[in-house]
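Novice: I'd like to ask you about the structure that follows.
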Amino acid sequence: MSNNNTGANLGFEDKLWMAADKLRGTMDSAEYKHVVLGLIFLKYISDSFLEKYEALQAEEFADPEDRDEYLADNVFWVPTEARWSFLQGKAKDPKIGQLINEAMTAIERDNKTLKGVLPKDYARPALDKSRLGELIDLIATIGLGDAESRKKDILGRVYEYFLAKFAEKEGKGGGEFYTPQCVVKLLVEMLEPYSGRVYDPCCGSGGMFVQAIKFVQAHSNGNGNGNGVPNGVKRDIAIYGQESNYTTFRLAKMNMAIRGIDAHIEWADTFQNDKHKDLKADYIIANPPFNDEDWRFSKVKEDVRWAFGTPPAGGPRKQKDGSTINVDGGNANYAWIQHFVHHLSPGGTAGFVLANGSMSTNTSGEGEIRQKLIEADMVDCMIALPGQLFYTTQIPVCLWFMTRSKKADAKRGFRDRQGETLFIDARKMGSLIDRTHRELSYDSPESEIAEIARTYHAWRGEKKDGNYEDKPGFCKSATLEDIKSHHYVLTPGRYVGAEAIVDDGIPFEEKMAELSDTLYQQMRESIELDAVIRKNLEVLGYGE
């Protein structure tokens, strides 16, 4: 059974999306997503503020206009001109766009953590003000920031729904800010980030962080997907991220703010300006741009991060019109891999998404880098994913899991798995949720994501997940010698073999006779159908 990866099934998402989509007019989808998500964010913080405001009004000596009262409860202060009730009262005002801009400016002024984050382009001529007013009235009917709504995470679910819809709408251009929820869930369930430093150097809208926090919350009382937190493990994580696209960076900051997540997210190009240079992370979780080129390799070609080999330098590239351009930096996949490895703590693990070509490429020195990583015994697990998971690309993808240490770890329940790598082929998993998009099932102990994660955890030696066994067609624990014999190619299909065929107990002679009877029957029916078709063609005057 597949879940809806857009988040909620709350009953109003489609209606809200249709209203928002009408608002677009001549605006590009990449622009108007900030307009819509900004309004949803504004409603959320206004709801939270109003609930606290009313509670303070009921207290005898409390002052509902004292900002400190809100800061103490981690509630954003919302000035009068930015409160939803005020803006809704002006929804039909032709100047509503300017009023919203002023509201956003006022909120940033009074809440330093939001400075420079909120959109302030509601007065632009391309934005239909009457439809903007209609959208305000519609959003007003949805509770987002009150205690009951926060308990159900309605805002988060609406936010995820919209991010997915925008990614679908934008096509290939939206991939930098949205990774399908089922892929994020699988990465997080595999990594089990109970405590420590979690890092994503290409964090997009911050979905990886949201899912990591949800994982800790779900498992903190022992009734999450699984089986509780191992004894003695602390349940706190620190979030670090970086994003090069400024508008996407703002989305991430908003996404963290609405969920109350304290995250150290920086805006800059990760290769050119590594903002977390000294960070050694316990968990790295990422979905870097697939097969990215022209990333200014020449500026960092001597970088300390390239410990296993220099990434492709780039060079001439032929264009569709026959012209040639030079790119400064070839395929960045192995630059990303080495960046992840560089930032891993001694016991850290990285899980990330890459295009399938990364598992077998031998061009521009990439094969040599992969060989060195394998011989350093850093590749822990490889997963081949089914196609059609992403809204933004049809490129087949895989998951890499790398670690600095495969030695036994009694605290985390890991066995000594030095010299071994787990291969999982999940290409046959998932089910279509529409004509073009597939999804892995999750949120139940029998789900596909739970099965994949349980296989990995059992292989690592975690007692809560039972004993590991190779399963033909699905999983195989391979040695370094096995990988070497396959010329250091990491494609799971090479290792897991063919799925075992279940013996139905029918003798071969009996089954062959039955199949032959069926075939002859179909051949007789084919002859009869040919005769009918010929007769009909003759009646129409098209006979031989």
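Identifiers in the structure tokens: chain A, B, ... in order shown; residue index from 1 per chain; ligand index from 1 in order shown.
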Go through segment 280-509 of chain A and collect every residue that DSSP, computed from the backbone, puts in alpha helix (DSSP H); the answer should be as number ranges by chain.
Specialist: A: 333-342, 366-375, 448-460, 480-485, 493-496, 508-509
Novice: I'd like the contact shell of Ile136 of chain A - 10 Å cut-off, only C-alpha atoms, skipping same-chain residues fewer than 3 positions apart - returned as a ChimeraX atom specification.
Specialist: /A:19-20,36,39-40,43,84,87-92,96,130-133,139-141
Novice: Per residue of segment 346-393 of chain A within 12 Å of segment 452-468 of chain A, note the shortest atom pair and the distance in Å to one decimal, counting only C-alpha atoms, and order the rows by chain and increasing residue number, as a Markdown table.
Specialist:
| residue | atom | partner | partner_atom | distance |
| --- | --- | --- | --- | --- |
| A:Asp380 | CA | A:Arg460 | CA | 9.3 |
| A:Cys381 | CA | A:Tyr456 | CA | 7.7 |
| A:Met382 | CA | A:Tyr456 | CA | 10.0 |
| A:Ile383 | CA | A:Ile452 | CA | 8.9 |
| A:Ala384 | CA | A:Ile452 | CA | 11.0 |
| A:Leu385 | CA | A:Ile452 | CA | 10.8 |
Novice: Let's have the selection written as a compact mmCIF listing (two decimals), in the first residue's frame, with all heavy atoms.
Specialist:
# COMPACT_ATOMS: atom_id res chain seq x y z
N ASP A 380 29.66 1.39 2.51
CA ASP A 380 28.95 0.50 3.43
C ASP A 380 27.79 -0.22 2.75
O ASP A 380 27.59 -1.41 2.93
CB ASP A 380 28.42 1.33 4.61
CG ASP A 380 28.27 0.50 5.88
OD1 ASP A 380 29.07 -0.44 6.08
OD2 ASP A 380 27.36 0.80 6.68
N CYS A 381 27.01 0.54 1.97
CA CYS A 381 25.82 -0.05 1.35
C CYS A 381 25.48 0.71 0.08
O CYS A 381 25.64 1.92 0.00
CB CYS A 381 24.64 0.02 2.34
SG CYS A 381 23.07 -0.61 1.68
N MET A 382 25.00 -0.02 -0.94
CA MET A 382 24.54 0.57 -2.19
C MET A 382 23.12 0.09 -2.46
O MET A 382 22.83 -1.10 -2.33
CB MET A 382 25.44 0.17 -3.36
CG MET A 382 26.89 0.61 -3.25
SD MET A 382 27.14 2.39 -3.29
CE MET A 382 26.40 2.82 -4.86
N ILE A 383 22.25 1.02 -2.85
CA ILE A 383 20.85 0.68 -3.12
C ILE A 383 20.47 1.19 -4.51
O ILE A 383 20.60 2.39 -4.79
CB ILE A 383 19.89 1.27 -2.08
CG1 ILE A 383 20.24 0.77 -0.67
CG2 ILE A 383 18.44 0.91 -2.42
CD1 ILE A 383 19.37 1.36 0.42
N ALA A 384 19.99 0.31 -5.36
CA ALA A 384 19.42 0.71 -6.66
C ALA A 384 17.94 0.98 -6.45
O ALA A 384 17.21 0.13 -5.94
CB ALA A 384 19.62 -0.40 -7.69
N LEU A 385 17.48 2.18 -6.82
CA LEU A 385 16.09 2.58 -6.60
C LEU A 385 15.26 2.37 -7.87
O LEU A 385 15.81 2.38 -8.98
CB LEU A 385 16.01 4.04 -6.18
CG LEU A 385 16.57 4.38 -4.79
CD1 LEU A 385 16.49 5.88 -4.57
CD2 LEU A 385 15.82 3.64 -3.70
Novice: Distance table requested - segment 370-439 of chain A against segment 291-299 of chain A, cut-off 12 Å, only C-alpha atoms: one row per qualifying residue with the closest atom pair and its distance in Å to one decimal, ordered by chain and rising residue number, as a Markdown table.
Specialist:
| residue | atom | partner | partner_atom | distance |
| --- | --- | --- | --- | --- |
| A:Thr393 | CA | A:Asn291 | CA | 11.7 |
| A:Ile395 | CA | A:Asn291 | CA | 9.9 |
| A:Pro396 | CA | A:Asn291 | CA | 11.8 |
| A:Val397 | CA | A:Asn291 | CA | 11.0 |
Novice: For Leu186 of chain A, please output as a ChimeraX atom specification all residues within 9 Å (counting only C-alpha atoms; exclusion window: fewer than 5 positions along the same chain).
Specialist: /A:181,191,440,442,449-450,452-453
Novice: Skip Gly196 of chain A itself and residues of its chain fewer than 5 positions away, then list as JSON, numbers by chain all residues within 12 Å of it, counting only C-alpha atoms.
Specialist: {"A": [191, 212, 213, 216, 233, 234, 235, 236, 237, 238, 239, 240, 279, 280, 281, 282, 283, 284, 344, 345, 347, 348, 349]}
Novice: Quick one: everything within 9 Å of Ser477 of chain A, counting only C-alpha atoms, minus sequence neighbours fewer than 2 positions away in the same chain. Send it as a VMD selection string.
Specialist: chain A and resid 420 to 424 459 469 to 470 475 479 495 to 496
Novice: Provide the atom CA of Val78 of chain A to atom CA of Leu251 of chain A distance in Å, to one decimal place.
Specialist: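 Separation between atom CA of Val78 of chain A and atom CA of Leu251 of chain A: 19.7 Å.
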